[in-house]
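Coordinates from upload-v6.csv are shown below (CSV, C-alpha atoms).
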```csv
chain,number,residue,atom,x,y,z
A,1,MET,CA,-7.0,-50.1,-12.1
A,2,ALA,CA,-3.5,-51.6,-12.7
A,3,GLY,CA,-3.1,-49.4,-15.7
A,4,ALA,CA,-4.1,-46.3,-13.7
A,5,ARG,CA,-1.5,-47.1,-11.1
A,6,GLY,CA,1.2,-47.7,-13.7
A,7,GLY,CA,0.4,-44.4,-15.3
A,8,GLY,CA,0.8,-42.7,-12.0
A,9,ARG,CA,4.3,-44.2,-11.5
A,10,ALA,CA,5.2,-43.2,-15.0
A,11,ALA,CA,4.2,-39.6,-14.3
A,12,GLU,CA,6.3,-39.6,-11.2
A,13,ARG,CA,9.3,-40.8,-13.1
A,14,ARG,CA,8.8,-38.1,-15.8
A,15,ALA,CA,8.5,-35.5,-13.0
A,16,GLY,CA,12.1,-36.3,-12.0
A,17,PRO,CA,13.6,-37.2,-8.6
A,18,THR,CA,12.3,-35.4,-5.5
A,19,LEU,CA,14.2,-33.8,-2.6
A,20,GLU,CA,13.2,-36.8,-0.4
A,21,GLN,CA,14.7,-39.3,-2.9
A,22,VAL,CA,18.0,-37.3,-2.9
A,23,ALA,CA,17.9,-37.3,1.0
A,24,ARG,CA,17.5,-41.1,1.1
A,25,ARG,CA,20.3,-41.7,-1.5
A,26,ALA,CA,22.7,-39.4,0.5
A,27,GLY,CA,21.6,-40.9,3.9
A,28,VAL,CA,20.6,-37.5,5.3
A,29,GLY,CA,17.5,-35.6,6.2
A,30,ARG,CA,15.4,-33.5,3.7
A,31,GLY,CA,16.4,-30.3,5.5
A,32,THR,CA,20.1,-31.0,5.0
A,33,VAL,CA,19.6,-31.5,1.3
A,34,SER,CA,17.7,-28.2,1.1
A,35,ARG,CA,20.5,-26.4,2.9
A,36,VAL,CA,23.1,-27.8,0.4
A,37,VAL,CA,20.9,-26.9,-2.6
A,38,ASN,CA,20.4,-23.4,-1.3
A,39,GLY,CA,24.1,-22.9,-0.6
A,40,SER,CA,23.9,-22.8,3.2
A,41,PRO,CA,27.3,-22.8,4.9
A,42,ARG,CA,25.8,-24.8,7.9
A,43,VAL,CA,26.7,-28.2,6.4
A,44,SER,CA,29.9,-30.2,6.8
A,45,ASP,CA,32.1,-30.8,3.7
A,46,ARG,CA,31.6,-34.5,4.0
A,47,THR,CA,27.8,-34.2,4.1
A,48,ARG,CA,27.8,-31.6,1.3
A,49,ALA,CA,29.9,-34.0,-0.9
A,50,ALA,CA,27.4,-36.9,-0.2
A,51,VAL,CA,24.4,-34.7,-1.1
A,52,GLU,CA,26.1,-33.4,-4.3
A,53,ALA,CA,26.9,-36.9,-5.3
A,54,ALA,CA,23.3,-38.0,-4.8
A,55,VAL,CA,22.1,-35.0,-6.8
A,56,ALA,CA,24.4,-35.8,-9.7
A,57,GLU,CA,23.5,-39.5,-9.7
A,58,LEU,CA,19.7,-38.9,-9.6
A,59,GLY,CA,19.8,-35.9,-11.9
A,60,TYR,CA,17.9,-33.8,-9.4
A,61,VAL,CA,16.9,-30.3,-10.6
A,62,PRO,CA,15.9,-27.8,-7.8
A,63,ASN,CA,12.4,-26.3,-8.1
A,64,ARG,CA,13.2,-22.6,-8.5
A,65,ALA,CA,9.7,-21.5,-7.9
A,66,ALA,CA,9.5,-23.3,-4.6
A,67,ARG,CA,12.9,-22.0,-3.6
A,68,ALA,CA,11.9,-18.4,-4.5
A,69,LEU,CA,8.6,-18.8,-2.5
A,70,ALA,CA,10.5,-20.1,0.5
A,71,ALA,CA,12.8,-17.1,0.3
A,72,GLY,CA,9.9,-14.7,0.1
A,73,SER,CA,10.6,-13.7,-3.6
A,74,THR,CA,9.4,-14.6,-7.1
A,75,ASP,CA,12.6,-14.1,-9.1
A,76,ALA,CA,10.5,-12.0,-11.5
A,77,ILE,CA,10.5,-8.4,-12.6
A,78,ALA,CA,7.6,-6.8,-14.5
A,79,LEU,CA,8.2,-4.3,-17.3
A,80,VAL,CA,5.0,-2.3,-17.5
A,81,VAL,CA,4.0,-0.2,-20.5
A,82,PRO,CA,0.7,1.7,-20.0
A,83,GLU,CA,0.1,2.0,-23.7
A,84,PRO,CA,-2.0,0.1,-26.3
A,85,GLU,CA,-0.3,-2.7,-28.2
A,86,THR,CA,-0.5,-0.8,-31.4
A,87,ARG,CA,1.9,1.8,-30.1
A,88,PHE,CA,4.1,-0.7,-28.3
A,89,PHE,CA,4.8,-2.6,-31.5
A,90,ALA,CA,5.1,0.5,-33.7
A,91,GLU,CA,7.5,2.5,-31.4
A,92,PRO,CA,11.1,1.3,-31.4
A,93,TYR,CA,11.6,3.0,-28.1
A,94,PHE,CA,9.8,0.2,-26.3
A,95,SER,CA,11.8,-2.6,-27.9
A,96,GLY,CA,15.0,-0.8,-27.1
A,97,ILE,CA,14.1,-0.5,-23.4
A,98,LEU,CA,13.1,-4.2,-23.4
A,99,HIS,CA,16.4,-5.2,-25.1
A,100,GLY,CA,18.5,-3.2,-22.6
A,101,ALA,CA,16.6,-4.5,-19.6
A,102,GLY,CA,16.9,-8.1,-20.9
A,103,ASP,CA,20.7,-7.7,-21.3
A,104,ALA,CA,21.1,-6.4,-17.8
A,105,LEU,CA,19.1,-9.4,-16.4
A,106,ALA,CA,20.7,-12.1,-18.6
A,107,ASP,CA,23.3,-13.2,-16.0
A,108,THR,CA,20.8,-13.2,-13.1
A,109,ASP,CA,18.0,-15.6,-12.1
A,110,MET,CA,15.4,-12.9,-12.7
A,111,GLN,CA,12.6,-13.4,-15.3
A,112,LEU,CA,11.4,-10.3,-17.2
A,113,LEU,CA,7.6,-10.2,-17.6
A,114,LEU,CA,6.2,-7.8,-20.2
A,115,THR,CA,2.8,-6.3,-19.2
A,116,LEU,CA,0.7,-3.9,-21.3
A,117,VAL,CA,-1.7,-1.8,-19.3
A,118,ARG,CA,-4.2,-0.6,-21.9
A,119,ASN,CA,-7.1,0.6,-19.8
A,120,GLU,CA,-8.4,1.2,-16.2
A,121,ARG,CA,-9.4,-2.5,-15.7
A,122,GLU,CA,-6.0,-3.7,-16.6
A,123,ARG,CA,-4.4,-1.1,-14.4
A,124,GLU,CA,-6.5,-2.3,-11.5
A,125,ARG,CA,-5.6,-5.9,-12.3
A,126,PHE,CA,-1.9,-5.2,-12.3
A,127,ALA,CA,-2.3,-3.2,-9.1
A,128,GLN,CA,-3.8,-6.3,-7.4
A,129,TYR,CA,-1.1,-8.5,-8.9
A,130,ALA,CA,1.7,-6.2,-7.5
A,131,SER,CA,0.0,-5.8,-4.2
A,132,ALA,CA,0.1,-9.6,-3.7
A,133,HIS,CA,3.9,-9.3,-4.4
A,134,ARG,CA,3.7,-11.6,-7.4
A,135,VAL,CA,6.8,-9.9,-8.7
A,136,ASP,CA,9.9,-8.6,-6.9
A,137,GLY,CA,10.2,-5.2,-8.8
A,138,VAL,CA,8.7,-3.1,-11.6
A,139,LEU,CA,10.2,-1.2,-14.5
A,140,LEU,CA,7.6,1.5,-15.6
A,141,VAL,CA,7.9,2.8,-19.2
A,142,SER,CA,6.0,5.7,-20.8
A,143,VAL,CA,4.3,6.9,-17.6
A,144,HIS,CA,1.8,9.8,-18.0
A,145,ALA,CA,1.5,12.5,-15.3
A,146,ASP,CA,-1.8,11.2,-14.0
A,147,ASP,CA,-0.8,7.5,-13.8
A,148,PRO,CA,-1.3,6.3,-10.2
A,149,LEU,CA,0.9,3.2,-10.5
A,150,PRO,CA,4.2,4.8,-9.3
A,151,ASP,CA,2.6,6.0,-6.1
A,152,LEU,CA,0.7,2.7,-5.6
A,153,LEU,CA,4.0,0.7,-5.9
A,154,ARG,CA,5.6,3.1,-3.4
A,155,ASP,CA,2.8,2.6,-0.9
A,156,ILE,CA,3.0,-1.2,-1.0
A,157,GLY,CA,6.8,-1.1,-0.8
A,158,MET,CA,7.4,-2.5,-4.3
A,159,PRO,CA,10.8,-1.4,-5.8
A,160,ALA,CA,10.2,0.4,-9.1
A,161,VAL,CA,12.2,2.4,-11.6
A,162,LEU,CA,10.7,4.8,-14.2
A,163,SER,CA,11.8,5.5,-17.7
A,164,GLY,CA,11.7,9.3,-17.6
A,165,ARG,CA,9.8,11.5,-15.1
A,166,ARG,CA,6.2,12.5,-14.6
A,167,TRP,CA,7.2,16.0,-13.5
A,168,PRO,CA,10.4,18.0,-12.6
A,169,GLU,CA,10.5,16.9,-9.0
A,170,GLU,CA,10.0,13.2,-9.5
A,171,SER,CA,9.9,11.3,-6.2
A,172,ALA,CA,10.3,7.8,-7.7
A,173,PRO,CA,13.7,6.5,-8.9
A,174,TYR,CA,14.1,7.1,-12.7
A,175,VAL,CA,16.5,7.1,-15.6
A,176,ASP,CA,16.1,10.0,-18.1
A,177,SER,CA,17.8,11.7,-21.0
A,178,ASP,CA,18.6,15.4,-21.5
A,179,ASN,CA,15.4,16.1,-23.5
A,180,VAL,CA,15.7,19.8,-23.2
A,181,GLY,CA,19.3,19.8,-24.5
A,182,GLY,CA,18.5,17.3,-27.3
A,183,ALA,CA,15.6,19.4,-28.6
A,184,ARG,CA,17.6,22.6,-28.4
A,185,ALA,CA,20.4,21.0,-30.4
A,186,ALA,CA,18.0,19.8,-33.1
A,187,VAL,CA,16.5,23.3,-33.5
A,188,GLU,CA,19.9,24.9,-33.5
A,189,HIS,CA,20.9,22.6,-36.3
A,190,LEU,CA,17.9,23.8,-38.4
A,191,ILE,CA,18.6,27.5,-37.7
A,192,GLU,CA,22.3,27.2,-38.5
A,193,ARG,CA,21.2,25.8,-42.0
A,194,GLY,CA,19.3,29.0,-42.7
A,195,ARG,CA,15.8,27.8,-42.0
A,196,SER,CA,13.6,30.8,-41.1
A,197,ARG,CA,10.2,29.4,-40.0
A,198,VAL,CA,10.9,26.4,-37.8
A,199,ALA,CA,7.8,24.6,-36.5
A,200,THR,CA,7.5,21.7,-34.0
A,201,ILE,CA,5.3,18.7,-33.5
A,202,THR,CA,5.2,17.9,-29.8
A,203,GLY,CA,4.4,14.6,-28.0
A,204,SER,CA,1.6,14.0,-25.5
A,205,GLY,CA,1.0,17.1,-23.4
A,206,ASP,CA,0.5,15.0,-20.2
A,207,MET,CA,4.0,13.6,-20.5
A,208,TYR,CA,7.0,15.5,-19.0
A,209,VAL,CA,9.3,14.3,-21.8
A,210,ALA,CA,7.1,16.1,-24.3
A,211,GLN,CA,7.1,19.3,-22.2
A,212,CYS,CA,10.9,19.2,-22.0
A,213,ARG,CA,11.3,18.8,-25.8
A,214,LEU,CA,9.0,21.7,-26.4
A,215,GLU,CA,11.0,23.8,-23.9
A,216,GLY,CA,14.2,23.0,-25.8
A,217,TYR,CA,12.6,24.1,-29.0
A,218,ARG,CA,11.6,27.4,-27.5
A,219,ASP,CA,15.0,27.9,-25.9
A,220,ALA,CA,16.8,27.5,-29.2
A,221,LEU,CA,14.5,30.0,-30.9
A,222,ARG,CA,15.0,32.6,-28.2
A,223,ALA,CA,18.8,32.1,-28.2
A,224,ALA,CA,18.7,32.9,-31.9
A,225,GLY,CA,16.7,36.1,-31.3
A,226,ARG,CA,13.4,34.7,-32.5
A,227,GLU,CA,10.2,34.8,-30.4
A,228,PRO,CA,8.4,31.5,-30.3
A,229,ASP,CA,5.2,31.5,-32.4
A,230,GLY,CA,2.2,29.4,-31.2
A,231,THR,CA,1.0,28.9,-34.7
A,232,LEU,CA,4.2,26.9,-35.4
A,233,VAL,CA,3.4,24.4,-32.6
A,234,ALA,CA,1.2,21.4,-33.2
A,235,HIS,CA,0.5,18.8,-30.6
A,236,GLY,CA,1.0,15.1,-31.5
A,237,ASP,CA,0.9,12.0,-29.4
A,238,PHE,CA,4.1,10.1,-30.2
A,239,THR,CA,2.3,8.1,-33.0
A,240,GLU,CA,2.7,8.2,-36.7
A,241,GLU,CA,-0.9,9.1,-37.1
A,242,GLY,CA,-0.5,12.0,-34.7
A,243,GLY,CA,2.5,13.2,-36.6
A,244,HIS,CA,0.6,13.1,-39.9
A,245,ARG,CA,-2.3,15.0,-38.4
A,246,ALA,CA,-0.2,17.6,-36.8
A,247,MET,CA,1.8,18.2,-39.9
A,248,ARG,CA,-1.3,18.9,-41.9
A,249,GLU,CA,-2.4,21.3,-39.2
A,250,LEU,CA,0.9,23.2,-39.5
A,251,LEU,CA,0.7,23.4,-43.3
A,252,GLU,CA,-2.8,24.9,-43.1
A,253,ARG,CA,-1.7,27.5,-40.5
A,254,CYS,CA,1.6,28.4,-41.9
A,255,PRO,CA,2.2,27.3,-45.5
A,256,ALA,CA,5.5,29.1,-45.6
A,257,LEU,CA,7.2,27.0,-42.9
A,258,ASP,CA,10.5,25.5,-44.0
A,259,ALA,CA,11.5,23.3,-41.1
A,260,VAL,CA,10.0,21.0,-38.5
A,261,PHE,CA,11.4,19.5,-35.4
A,262,CYS,CA,9.4,16.4,-34.4
A,263,ALA,CA,9.6,15.2,-30.8
A,264,SER,CA,10.0,11.6,-32.0
A,265,ASP,CA,11.1,9.7,-35.1
A,266,VAL,CA,7.7,8.0,-35.4
A,267,MET,CA,5.9,11.3,-35.6
A,268,ALA,CA,8.5,12.5,-38.1
A,269,ALA,CA,7.6,9.5,-40.3
A,270,GLY,CA,3.9,10.6,-40.2
A,271,ALA,CA,4.9,14.2,-40.9
A,272,ARG,CA,7.0,13.1,-43.9
A,273,ILE,CA,3.9,11.4,-45.4
A,274,ALA,CA,1.8,14.6,-45.0
A,275,LEU,CA,4.6,16.7,-46.6
A,276,ARG,CA,4.7,14.5,-49.6
A,277,GLU,CA,1.0,14.5,-49.9
A,278,ALA,CA,1.2,18.3,-50.0
A,279,GLY,CA,3.9,18.3,-52.7
A,280,ARG,CA,6.7,19.5,-50.4
A,281,ALA,CA,10.1,18.0,-50.9
A,282,VAL,CA,12.2,16.9,-47.9
A,283,PRO,CA,14.7,18.4,-47.2
A,284,GLY,CA,14.6,20.8,-50.1
A,285,ASP,CA,11.3,22.6,-49.3
A,286,VAL,CA,11.0,21.6,-45.7
A,287,ALA,CA,13.8,20.3,-43.4
A,288,LEU,CA,12.8,17.6,-41.0
A,289,VAL,CA,14.5,16.5,-37.7
A,290,GLY,CA,13.4,13.8,-35.3
A,291,PHE,CA,14.3,12.5,-31.9
A,292,ASP,CA,15.5,9.0,-30.9
A,293,ASP,CA,17.8,8.1,-33.8
A,294,SER,CA,15.8,4.9,-34.1
A,295,ALA,CA,15.5,2.3,-36.9
A,296,VAL,CA,12.6,4.5,-38.2
A,297,ALA,CA,15.0,7.3,-38.9
A,298,ARG,CA,17.6,5.1,-40.7
A,299,HIS,CA,15.0,3.5,-42.9
A,300,MET,CA,13.5,6.7,-44.2
A,301,ASP,CA,14.5,7.9,-47.7
A,302,PRO,CA,16.6,10.0,-47.4
A,303,PRO,CA,17.5,9.0,-43.8
A,304,LEU,CA,16.1,11.2,-41.2
A,305,THR,CA,18.4,13.6,-39.2
A,306,SER,CA,17.6,12.7,-35.6
A,307,VAL,CA,18.8,13.4,-32.0
A,308,ARG,CA,20.4,10.2,-30.7
A,309,GLN,CA,18.9,8.9,-27.5
A,310,PRO,CA,20.7,5.9,-25.8
A,311,ILE,CA,17.5,3.8,-25.5
A,312,VAL,CA,19.1,0.4,-25.0
A,313,GLU,CA,21.5,1.8,-22.4
A,314,THR,CA,18.5,3.4,-20.6
A,315,GLY,CA,16.9,0.0,-20.3
A,316,ARG,CA,20.1,-1.5,-19.0
A,317,GLU,CA,20.5,1.2,-16.4
A,318,MET,CA,16.9,0.9,-15.3
A,319,ALA,CA,17.3,-2.8,-14.7
A,320,ARG,CA,20.6,-2.3,-12.9
A,321,MET,CA,19.1,0.4,-10.7
A,322,LEU,CA,16.1,-1.9,-9.9
A,323,LEU,CA,18.4,-4.8,-8.9
A,324,GLU,CA,20.2,-2.5,-6.5
A,325,LEU,CA,16.9,-1.3,-5.0
A,326,MET,CA,15.9,-5.0,-4.6
A,327,GLY,CA,19.2,-5.9,-2.9
A,328,ARG,CA,20.2,-8.0,-5.9
A,329,GLY,CA,22.8,-5.7,-7.4
```
Mind turning this structure into C-alpha cells?
Amino acid sequence: MAGARGGGRAAERRAGPTLEQVARRAGVGRGTVSRVVNGSPRVSDRTRAAVEAAVAELGYVPNRAARALAAGSTDAIALVVPEPETRFFAEPYFSGILHGAGDALADTDMQLLLTLVRNERERERFAQYASAHRVDGVLLVSVHADDPLPDLLRDIGMPAVLSGRRWPEESAPYVDSDNVGGARAAVEHLIERGRSRVATITGSGDMYVAQCRLEGYRDALRAAGREPDGTLVAHGDFTEEGGHRAMRELLERCPALDAVFCASDVMAAGARIALREAGRAVPGDVALVGFDDSAVARHMDPPLTSVRQPIVETGREMARMLLELMGRG
C-alpha cells in the first residue's frame, strides 16, 4: 500500500505543478492566477508580478486544452480532403495546400488536423465531429459538386473555406485560380507551335475546376477558328491511371492527334506513359502540356510544359481567410 501511495505522489510530481499550487505560492486565489495566465487586465501590477514569480519558480505550464475549452474553442482547424489516400499521397496539389496552410498557422496557437474522408461512413463521422464543434474551423480541399459537407458546415455555423468552387455561384467562402484562363493559355501555346489536332484530357466531370479547364480549351480553339471536336476530348479523373486510360482512348479515336492538353500534371504523367507504349515521341510526335507546374512536371524527362498554379499560396490564403472568419485574423 505504501508503494502505491508513493507511486501516486511520483505521478503528481511528473504531471507538474497545478494552478492551486501556484495560487498558494503567490498567496492569491485560484481565479486570480487564472486571470493572470489568460492575460486579463483585471489584476493589479503587484498581484500580477507575484503570480508570474510563482509561475516561474514552480515551472507551471498552462493547460492549453483546458483554457481553450473554457473559452469555448478548441484551437484546432481541420483540413478535410474527400479523396482516397492513394490520390492524396500521389497528387502534389494536396501537399502544397497543406504546406501553405501550415505556414499561415505557424505563428498562431492553432493546430492543423488532416482528415481524409474516403467514404460515406467517414463523411458522417466527420459531420458528427464538426457538429459537436470539436474544431474551430474547416479547410475543404477537392470538393465535388454533390458533397454535402459545405452546406452542413454552414448550417451548424462552422467557419469553412473551400479550395476552388463547386459551381459558378458558390455560396461558401473559397480561394480559386483562373482555371479557364490557364487552360486557354496552354492550348494557345500548342496552337502557336503549329499543332493542328489538339486533344484534351479532362478532370472529374463533377468538379467545377475540370469544367473550367475544358471551357478554356474550347475557348482557345474557337479563338483560333477551330470548332471543338468531341472525339478529341477524353475524360480522366485527376489520377495517373485516369490519364493513361484517357490517352489510350484518344489514340484509338484519333491516331493523327499531335498535341494534348491535360488538366493536371499527374494525368499528363499517365498520358506520357501511354504515348511511349504507342511508340509516340514527346514532344516530337505529340506535344504535351499539363496544369499545376508541380514536382511531377519538373521530374519528367524532358520536363513537362505546364501551367503554373500558386498552390502553396492558395493554402496560405485559405488559412488566412479562415482565421478572419473565426475572428482570429
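Distance-wise, atom CA of His189 of chain A and atom CA of Val307 of chain A end up 10.4 Å apart.
Interatomic distance, atom CA of Ala271 of chain A to atom CA of Val80 of chain A: 28.6 Å.
Each of A:Ala106, A:Leu114, A:Leu275, A:Leu323 was checked against Val161 of chain A using all atoms listed in the file; the smallest atom-to-atom distance is that of A:Leu323.
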### Query
Which of these residues is nearest to Ser177 of chain A, using only C-alpha atoms: A:Ile311, A:Leu304, A:Ala269, A:Ala26?
A:Ile311
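Distances to Phe89 of chain A were evaluated for A:Glu169, A:Asp75, A:Gln111, A:Leu116 using only C-alpha atoms, and the minimum falls at A:Leu116.
Note that the spacing between atom CA of Ala234 of chain A and atom CA of Val260 of chain A amounts to 10.3 Å.
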### Message
Which residues are near Asp292 of chain A? Cut-off 12 Å, only C-alpha atoms, ignore same chain within fewer than 5 positions. Put them as a VMD selection string.
### Response
chain A and resid 91 to 94 96 177 to 179 182 to 183 186 213 238 262 to 268 297 to 298 304 to 312
Once you have the residues from the selection above, write them out as an mmCIF file, in the coordinates of the input, restricted to C-alpha atoms.
```
data_model
loop_
_atom_site.group_PDB
_atom_site.id
_atom_site.type_symbol
_atom_site.label_atom_id
_atom_site.label_comp_id
_atom_site.auth_asym_id
_atom_site.auth_seq_id
_atom_site.Cartn_x
_atom_site.Cartn_y
_atom_site.Cartn_z
ATOM 1 C CA GLU A 91 7.500 2.500 -31.400
ATOM 2 C CA PRO A 92 11.100 1.300 -31.400
ATOM 3 C CA TYR A 93 11.600 3.000 -28.100
ATOM 4 C CA PHE A 94 9.800 0.200 -26.300
ATOM 5 C CA GLY A 96 15.000 -0.800 -27.100
ATOM 6 C CA SER A 177 17.800 11.700 -21.000
ATOM 7 C CA ASP A 178 18.600 15.400 -21.500
ATOM 8 C CA ASN A 179 15.400 16.100 -23.500
ATOM 9 C CA GLY A 182 18.500 17.300 -27.300
ATOM 10 C CA ALA A 183 15.600 19.400 -28.600
ATOM 11 C CA ALA A 186 18.000 19.800 -33.100
ATOM 12 C CA ARG A 213 11.300 18.800 -25.800
ATOM 13 C CA PHE A 238 4.100 10.100 -30.200
ATOM 14 C CA CYS A 262 9.400 16.400 -34.400
ATOM 15 C CA ALA A 263 9.600 15.200 -30.800
ATOM 16 C CA SER A 264 10.000 11.600 -32.000
ATOM 17 C CA ASP A 265 11.100 9.700 -35.100
ATOM 18 C CA VAL A 266 7.700 8.000 -35.400
ATOM 19 C CA MET A 267 5.900 11.300 -35.600
ATOM 20 C CA ALA A 268 8.500 12.500 -38.100
ATOM 21 C CA ALA A 297 15.000 7.300 -38.900
ATOM 22 C CA ARG A 298 17.600 5.100 -40.700
ATOM 23 C CA LEU A 304 16.100 11.200 -41.200
ATOM 24 C CA THR A 305 18.400 13.600 -39.200
ATOM 25 C CA SER A 306 17.600 12.700 -35.600
ATOM 26 C CA VAL A 307 18.800 13.400 -32.000
ATOM 27 C CA ARG A 308 20.400 10.200 -30.700
ATOM 28 C CA GLN A 309 18.900 8.900 -27.500
ATOM 29 C CA PRO A 310 20.700 5.900 -25.800
ATOM 30 C CA ILE A 311 17.500 3.800 -25.500
ATOM 31 C CA VAL A 312 19.100 0.400 -25.000
#
```
### Task
For segment 214-227 of chain A, list every protein, DNA or RNA residue within 7 Å, evaluated using all atoms listed in the file, and leave out those in the same chain fewer than 6 positions away; present the list as a VMD selection string.
chain A and resid 180 to 181 183 to 184 187 to 188 202
Residues within 7 Å of (-0.9, -0.3, -19.9), file coords, all atoms listed in the file, listed as a PDB file with C-alpha atoms, keeping the file's coordinate frame:
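Output below, filename result.pdb:
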```pdb
ATOM      1  CA  VAL A  80       5.000  -2.300 -17.500  1.00  0.00           C
ATOM      2  CA  VAL A  81       4.000  -0.200 -20.500  1.00  0.00           C
ATOM      3  CA  PRO A  82       0.700   1.700 -20.000  1.00  0.00           C
ATOM      4  CA  GLU A  83       0.100   2.000 -23.700  1.00  0.00           C
ATOM      5  CA  PRO A  84      -2.000   0.100 -26.300  1.00  0.00           C
ATOM      6  CA  LEU A 116       0.700  -3.900 -21.300  1.00  0.00           C
ATOM      7  CA  VAL A 117      -1.700  -1.800 -19.300  1.00  0.00           C
ATOM      8  CA  ARG A 118      -4.200  -0.600 -21.900  1.00  0.00           C
ATOM      9  CA  ASN A 119      -7.100   0.600 -19.800  1.00  0.00           C
ATOM     10  CA  GLU A 122      -6.000  -3.700 -16.600  1.00  0.00           C
ATOM     11  CA  ARG A 123      -4.400  -1.100 -14.400  1.00  0.00           C
TER      12      ARG A 123
END
```
### Task
Please identify all polymer residues within 10 Å of Asp147 of chain A, counting only C-alpha atoms, omitting same-chain residues fewer than 2 positions from it, and present them as a ChimeraX atom specification.
/A:82,123,142-145,149-152,166,206
For Ala50 of chain A, work out the shell of residues within 12 Å, counting all atoms listed in the file and skipping chain neighbours fewer than 5 positions away, then give it as an mmCIF file with C-alpha atoms, in the coordinates of the input.
```
data_model
loop_
_atom_site.group_PDB
_atom_site.id
_atom_site.type_symbol
_atom_site.label_atom_id
_atom_site.label_comp_id
_atom_site.auth_asym_id
_atom_site.auth_seq_id
_atom_site.Cartn_x
_atom_site.Cartn_y
_atom_site.Cartn_z
ATOM 1 C CA VAL A 22 18.000 -37.300 -2.900
ATOM 2 C CA ALA A 23 17.900 -37.300 1.000
ATOM 3 C CA ARG A 24 17.500 -41.100 1.100
ATOM 4 C CA ARG A 25 20.300 -41.700 -1.500
ATOM 5 C CA ALA A 26 22.700 -39.400 0.500
ATOM 6 C CA GLY A 27 21.600 -40.900 3.900
ATOM 7 C CA VAL A 28 20.600 -37.500 5.300
ATOM 8 C CA GLY A 29 17.500 -35.600 6.200
ATOM 9 C CA THR A 32 20.100 -31.000 5.000
ATOM 10 C CA VAL A 33 19.600 -31.500 1.300
ATOM 11 C CA VAL A 36 23.100 -27.800 0.400
ATOM 12 C CA VAL A 43 26.700 -28.200 6.400
ATOM 13 C CA SER A 44 29.900 -30.200 6.800
ATOM 14 C CA ASP A 45 32.100 -30.800 3.700
ATOM 15 C CA VAL A 55 22.100 -35.000 -6.800
ATOM 16 C CA ALA A 56 24.400 -35.800 -9.700
ATOM 17 C CA GLU A 57 23.500 -39.500 -9.700
#
```
### Query
Using all atoms listed in the file, which of A:Arg46, A:Gly164, A:Glu249, A:Glu120 sits nearest Tyr208 of chain A?
A:Gly164
#### Entry: Option closest in space to Pro168 of chain A, from A:Cys212, A:Leu139, A:Leu190, A:Ile201 [counting only C-alpha atoms]
A:Cys212
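Compared by their closest atoms to Arg165 of chain A, and using all atoms listed in the file, the residues A:Met207, A:Ile191, A:Ala185, A:Leu153 rank with A:Met207 nearest.
Counting only C-alpha atoms, Pro17 of chain A has the following residues at most 7 Å away, ignoring those fewer than 2 positions along the same chain: Ala15, Leu19, Gln21, Leu58 and Tyr60 of chain A.
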